[in-house]
Structures are given as C-alpha cells and as structure tokens.
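Undergrad: Just dropping this structure here.
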Amino acid sequence: MKILVTGAAGFIGLHVARLLLARGDEVIGIDNLNDYYDPALKRARLDCLTPYRNFRFAQIDIADAAALHGLFAAERFARVVHLAAQAGVRYSLSNPQAYVQSNLVGFVNILEGCRQNGVEHLVYASSSSVYGANTRMPFSVHDEVNHPLSLYAATKKSNELMAHSYSHLFGLPTTGLRYFTVYGPWGRPDMSPWLFTSAILAGRPIKVFNHGQMQRDFTYVDDIAEGTVRVMDRIPLPNPAFDSGAPDPGSSHAPYRVYNIGNQQPVPLLTFIETLENALGRPATKEFLPMQAGDVPATYADIDDLRRDVGFDPKTSLDEGLARWTAWFHDYARRVGA
C-alpha cells in the first residue's frame, strides 16, 4: 500500500514508518521539522528511513492547506497515519496558537485530504491526556472525556470529535489512538525519560513533580508502533449495536473507533526512576516539587477493546525497555558529542 505518515521525523512516526517500510509498504513521510526541540534529532531520525528505497520525504507543514492538497491529489494514498502535532502539555500554557495551527487547522486539512481523495482509513494520534479530570481507573474509551486539563488535551479531544463528524458525514473510516506515555530509543528531549537520563548522567538533580506521587502507564515504542500498524490494517465498520439513546463514546453508527493504546500496567514514578537508576548504574538526586498545572496524578489504560479487535499485546517490560533506552541514549550522545 501507499501510506502517508505525518510527523515521520517524530518519535512515534519514525518507528511506525520503519515498521511499514520493513514489511514492503510504500511510505511518504512529511514533517515541518520545526524547532520545538532540536531539529538535528529529527533529521537524524529521517536518516534511519532514507536507506529504504520505498520511502520518500517532503518537508510540509500540515497547516499549509495548499501544500497538503497538492500532495494528496498527486499521491492518492490508500491509508494515512497522522502523527504530526504540536505536542506537550506544559508548552501549551505559553504557546496556545501553536496548538491551534497544528492540532486544529492541520487536522482539518488532513481530514479534507482524506475525504477528497478516497483514503480508505485515517488513523490519528489522540492522547491519554483527554481523560483530564477523570479519576476512575483504568481509563476506558467507553467513559466520557469532557473535562480536559490543558489546551493540548482539549485539541486532542477536538480531533476525535472532528474525525467523528467526517466519519458520519462522508463515510470516512477513522480511528483515534489514545497513546499512553510512550518511551524508548529516539524519544523526545522534552519527556521525562530523556530529561531524567541526561540529568542523572550530568550529575544534576531531576525534578520530581507531585512529590513523586505519580503513576504512568509507560509503554515501549516498539509495542506502540506494532499496535498502530495493526489498527491501520483494520478498517473500522459502524457498530451495529450502537444505541443513540445511550451513545458509546468509543464507537458509533459511523465507521469510527477510538482505542487506548498503552501497557495496562501503571508504574509509580519513583519505581520508574529506580529502574532507570539501575539501568544507568548511577543514583539520581531528586528535587521534589508540587504538581504542575495541566498535569494529572495517574494514567492507566484499559486496552481490552484493542486486544479484542486487533490482538494488541504489549510485551516489553520496564526493565527491558529502559535497558534498550539507555543503551540507545549512550550511543546517540557519543555520536553527537553530547
């Protein structure tokens, strides 16, 4: 198949594109290579993809409607995996317009490209952050998510609503994936594994928010990539049991689905730090701080629907995942001279 992967120079985008290329799909990757974090890391990720003869890259911003229209019309993609977005909860507190342009304007442009060019299936990145003020665990796609705690979370919830409208109005099959705390090689410098690792190796204190009383459903990136591709291969159908009198938020009378994709094993933050210390062979100096605005104390994914529908079964333990992460980090730091 010919597949568009947006955000191909991003963390999850790299791993999804590489998995598709390895199985023989033709992948066109796009990314705007912005400076939210060091573009050199993004280019290094692309260097992992360019050896594949079935890969092409175009530097395009998804907020550029004309550029996207031309790409969709020229390529006639079978499927789209939309992973480009302005990421980060804390950045949204000071840079809200970046989220409007990328996550709202850009998402409409993707939907229009799919609608006008016969795309068979749009898979897009949502986020566990949509659960916001929900406290019932584990988080279920069958629960309402109407109380986001950050603009980032609000834009991801908006994506799900926008996708549903296109599934209903135009019969466009769409699937949203609520990713839960993804980590692993080629991760993002603004996320805790990178921040903690770089600080520990440099002898700096790490910032531990909510005084360490946090839990996260840490999910290894290879498991995430496999689950994403499995979902892409399964075009959603209308739910014949959908009841408009008691509507299920996770499905629809339209060809629309939302899934959690996580490890279904929440880990206390202090346990994560201890496991990372063991992998690095160095202790961390911890600076305990209050909860940050927009953050939540715990995430925990109910993945029963995803397991039932596509056989998703994350296999990577935290010990194994952090061992791979730290090995990659040491190697990358040597190569860039960090």
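The chains in the structure tokens are called A, B, ... from first to last as shown; in each chain the residues are counted from 1, and the ligands are counted from 1 in the order shown.
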Range 38-223 of chain A: which residues are helix (DSSP H, G or I) by DSSP, as a PyMOL selection string?
TA: chain A and resi 39-49+65-75+91-94+96-116+128-131+151-170+192-202+209-212+221-223
Undergrad: Within 7 Å of range 166-176 of chain A, which residues of range 53-142 of chain A show up? Give each one with its shortest atom-to-atom distance in Å (one decimal) and the two atoms involved, counting only C-alpha atoms, rows by chain then rising residue number, as a Markdown table.
TA:
| residue | atom | partner | partner_atom | distance |
| --- | --- | --- | --- | --- |
| A:Arg115 | CA | A:Leu172 | CA | 6.5 |
| A:Glu120 | CA | A:Pro173 | CA | 6.7 |
| A:His121 | CA | A:Pro173 | CA | 5.0 |
| A:Leu122 | CA | A:Thr174 | CA | 4.7 |
| A:Val123 | CA | A:Thr175 | CA | 4.8 |
| A:Tyr124 | CA | A:Gly176 | CA | 5.0 |
| A:Ala125 | CA | A:Gly176 | CA | 5.9 |
| A:Ser126 | CA | A:Gly176 | CA | 5.7 |
Undergrad: Keeping only N, CA and C atoms, take the residues you just selected and write them out as an mmCIF file, in the first residue's frame.
TA:
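Final file, again_35.cif:
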data_model
loop_
_atom_site.group_PDB
_atom_site.id
_atom_site.type_symbol
_atom_site.label_atom_id
_atom_site.label_comp_id
_atom_site.auth_asym_id
_atom_site.auth_seq_id
_atom_site.Cartn_x
_atom_site.Cartn_y
_atom_site.Cartn_z
ATOM 1 N N ARG A 115 -10.841 12.952 2.731
ATOM 2 C CA ARG A 115 -12.198 12.941 2.164
ATOM 3 C C ARG A 115 -12.187 13.132 0.652
ATOM 4 N N GLU A 120 -8.784 5.168 2.331
ATOM 5 C CA GLU A 120 -9.552 4.054 2.886
ATOM 6 C C GLU A 120 -9.678 4.103 4.405
ATOM 7 N N HIS A 121 -8.677 4.691 5.069
ATOM 8 C CA HIS A 121 -8.656 4.655 6.533
ATOM 9 C C HIS A 121 -7.688 5.720 7.037
ATOM 10 N N LEU A 122 -8.165 6.554 7.931
ATOM 11 C CA LEU A 122 -7.327 7.529 8.630
ATOM 12 C C LEU A 122 -7.147 7.076 10.073
ATOM 13 N N VAL A 123 -5.893 6.834 10.458
ATOM 14 C CA VAL A 123 -5.540 6.566 11.853
ATOM 15 C C VAL A 123 -4.826 7.806 12.371
ATOM 16 N N TYR A 124 -5.226 8.313 13.517
ATOM 17 C CA TYR A 124 -4.633 9.560 14.023
ATOM 18 C C TYR A 124 -4.307 9.424 15.504
ATOM 19 N N ALA A 125 -3.321 10.206 15.923
ATOM 20 C CA ALA A 125 -2.872 10.187 17.311
ATOM 21 C C ALA A 125 -3.770 11.065 18.162
ATOM 22 N N SER A 126 -4.439 10.435 19.123
ATOM 23 C CA SER A 126 -5.053 11.171 20.207
ATOM 24 C C SER A 126 -4.097 11.040 21.404
#
Undergrad: Skip His142 in chain A itself and residues of its chain fewer than 4 positions away, then list as JSON, numbers by chain all residues within 12 Å of it, counting only C-alpha atoms.
TA: {"A": [131, 136, 138, 242, 246, 247, 248, 249, 250, 251, 252, 257, 258, 259, 260, 301, 302, 303, 304, 305]}
Undergrad: Would you mind reading off the distance between CA of Ala199 in chain A and CA of Ala279 in chain A, one decimal, in Å?
TA: 14.2 Å
Undergrad: I'd like the contact shell of Leu19 in chain A - 12 Å cut-off, only C-alpha atoms, skipping same-chain residues fewer than 6 positions apart - returned as a PDB file with N, CA and C atoms, in the first residue's frame.
TA:
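Below is the file that was written, around_24.pdb:
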ATOM      1  N   ILE A   3       1.216   4.686   1.742  1.00  0.00           N
ATOM      2  CA  ILE A   3       0.751   5.198   3.029  1.00  0.00           C
ATOM      3  C   ILE A   3       1.422   6.528   3.327  1.00  0.00           C
ATOM      4  N   VAL A   5       2.576   8.987   6.223  1.00  0.00           N
ATOM      5  CA  VAL A   5       2.850   9.089   7.654  1.00  0.00           C
ATOM      6  C   VAL A   5       3.224  10.537   7.933  1.00  0.00           C
ATOM      7  N   ALA A   8       6.708  12.128  10.338  1.00  0.00           N
ATOM      8  CA  ALA A   8       7.620  10.992  10.124  1.00  0.00           C
ATOM      9  C   ALA A   8       8.979  11.213  10.773  1.00  0.00           C
ATOM     10  N   ILE A  12       7.305   8.678  17.501  1.00  0.00           N
ATOM     11  CA  ILE A  12       6.470   7.542  17.110  1.00  0.00           C
ATOM     12  C   ILE A  12       6.458   7.398  15.591  1.00  0.00           C
ATOM     13  N   GLY A  13       6.477   8.518  14.880  1.00  0.00           N
ATOM     14  CA  GLY A  13       6.454   8.487  13.419  1.00  0.00           C
ATOM     15  C   GLY A  13       7.580   7.684  12.827  1.00  0.00           C
ATOM     16  N   ASP A  25       5.541  -1.803   2.443  1.00  0.00           N
ATOM     17  CA  ASP A  25       4.653  -0.716   2.024  1.00  0.00           C
ATOM     18  C   ASP A  25       5.480   0.438   1.480  1.00  0.00           C
ATOM     19  N   GLU A  26       4.843   1.241   0.614  1.00  0.00           N
ATOM     20  CA  GLU A  26       5.451   2.483   0.147  1.00  0.00           C
ATOM     21  C   GLU A  26       5.021   3.589   1.095  1.00  0.00           C
ATOM     22  N   VAL A  27       5.993   4.275   1.680  1.00  0.00           N
ATOM     23  CA  VAL A  27       5.699   5.300   2.679  1.00  0.00           C
ATOM     24  C   VAL A  27       6.179   6.657   2.201  1.00  0.00           C
ATOM     25  N   CYS A  48      17.428   7.391   9.438  1.00  0.00           N
ATOM     26  CA  CYS A  48      17.132   5.962   9.619  1.00  0.00           C
ATOM     27  C   CYS A  48      16.191   5.445   8.541  1.00  0.00           C
ATOM     28  N   LEU A  49      15.441   6.346   7.909  1.00  0.00           N
ATOM     29  CA  LEU A  49      14.426   5.948   6.933  1.00  0.00           C
ATOM     30  C   LEU A  49      14.904   6.078   5.493  1.00  0.00           C
ATOM     31  N   TYR A  52      15.775   3.175   2.943  1.00  0.00           N
ATOM     32  CA  TYR A  52      14.715   2.354   2.359  1.00  0.00           C
ATOM     33  C   TYR A  52      14.328   2.916   0.991  1.00  0.00           C
ATOM     34  N   PHE A  55      10.806   4.638   0.541  1.00  0.00           N
ATOM     35  CA  PHE A  55      10.499   5.805   1.370  1.00  0.00           C
ATOM     36  C   PHE A  55      10.826   7.092   0.620  1.00  0.00           C
ATOM     37  N   VAL A 221       8.035   1.931  22.810  1.00  0.00           N
ATOM     38  CA  VAL A 221       7.671   2.442  21.490  1.00  0.00           C
ATOM     39  C   VAL A 221       7.493   1.340  20.446  1.00  0.00           C
ATOM     40  N   ASP A 222       8.225   0.242  20.532  1.00  0.00           N
ATOM     41  CA  ASP A 222       8.039  -0.840  19.557  1.00  0.00           C
ATOM     42  C   ASP A 222       6.648  -1.463  19.692  1.00  0.00           C
ATOM     43  N   ASP A 223       6.168  -1.586  20.930  1.00  0.00           N
ATOM     44  CA  ASP A 223       4.810  -2.090  21.136  1.00  0.00           C
ATOM     45  C   ASP A 223       3.788  -1.113  20.564  1.00  0.00           C
ATOM     46  N   ILE A 224       4.034   0.170  20.765  1.00  0.00           N
ATOM     47  CA  ILE A 224       3.149   1.205  20.226  1.00  0.00           C
ATOM     48  C   ILE A 224       3.104   1.149  18.703  1.00  0.00           C
ATOM     49  N   ALA A 225       4.263   1.029  18.073  1.00  0.00           N
ATOM     50  CA  ALA A 225       4.320   1.004  16.608  1.00  0.00           C
ATOM     51  C   ALA A 225       3.576  -0.210  16.058  1.00  0.00           C
ATOM     52  N   GLU A 226       3.793  -1.373  16.676  1.00  0.00           N
ATOM     53  CA  GLU A 226       3.099  -2.577  16.210  1.00  0.00           C
ATOM     54  C   GLU A 226       1.587  -2.416  16.340  1.00  0.00           C
ATOM     55  N   GLY A 227       1.136  -1.883  17.481  1.00  0.00           N
ATOM     56  CA  GLY A 227      -0.299  -1.679  17.673  1.00  0.00           C
ATOM     57  C   GLY A 227      -0.882  -0.698  16.681  1.00  0.00           C
ATOM     58  N   THR A 228      -0.135   0.346  16.376  1.00  0.00           N
ATOM     59  CA  THR A 228      -0.612   1.354  15.418  1.00  0.00           C
ATOM     60  C   THR A 228      -0.794   0.747  14.035  1.00  0.00           C
ATOM     61  N   VAL A 229       0.164  -0.063  13.605  1.00  0.00           N
ATOM     62  CA  VAL A 229       0.068  -0.695  12.287  1.00  0.00           C
ATOM     63  C   VAL A 229      -1.066  -1.714  12.261  1.00  0.00           C
ATOM     64  N   ARG A 230      -1.240  -2.464  13.343  1.00  0.00           N
ATOM     65  CA  ARG A 230      -2.364  -3.406  13.408  1.00  0.00           C
ATOM     66  C   ARG A 230      -3.701  -2.660  13.246  1.00  0.00           C
TER      67      ARG A 230
END
Undergrad: Which is closest to Ala333 in chain A among A:Asn34, A:Thr316, A:Ser198, A:Thr50, if we use only C-alpha atoms?
TA: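 Once distances to Ala333 in chain A are computed over only C-alpha atoms, the minimum belongs to A:Ser198.
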Undergrad: Find the residues near Phe180 in chain A: any atom within 9 Å, counting only C-alpha atoms, skip ones fewer than 5 places away on the same chain, and give them as a PyMOL selection string.
TA: chain A and resi 127-129+216-219+260-263+299-301
Undergrad: Go through A:Gly7, A:Pro148, A:Gly212, A:Pro51 and flag the residue nearest Leu21 in chain A, using only C-alpha atoms for the distances.
TA: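 Of the candidates, the smallest distance to Leu21 in chain A is held by A:Pro51.
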Undergrad: So, with only C-alpha atoms as the atoms that count, which of A:His15, A:Leu4, A:Gly321, A:Gln265 lies closest to Met137 in chain A?
TA: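 Looking at the shortest contact to Met137 in chain A, the residue is A:Gln265.
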Undergrad: When distances are computed from only C-alpha atoms, which of A:Phe11, A:Phe312, A:Phe139, A:Tyr37 shows the smallest separation from Tyr91 in chain A?
TA: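 So, comparing all the options, the nearest one is A:Tyr37.
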Undergrad: Suppose you want the space between CA of Leu201 in chain A and CA of Val267 in chain A; what is it in Å?
TA: 22.6 Å
Undergrad: Out of range 14-257 of chain A, which residues get strand (DSSP E or B) from DSSP, as JSON, numbers by chain?
TA: {"A": [26, 27, 28, 29, 30, 31, 55, 56, 57, 58, 59, 79, 80, 81, 82, 121, 122, 123, 124, 125, 126, 127, 139, 174, 175, 176, 177, 178, 179, 182, 183, 206, 207, 208, 215, 216, 219, 220, 256, 257]}
Undergrad: Show which residues sit within 8 Å of Arg43 in chain A, as a ChimeraX atom specification. Count only C-alpha atoms, and ignore same-chain residues fewer than 3 positions away.
TA: /A:9,33,39-40,46-47
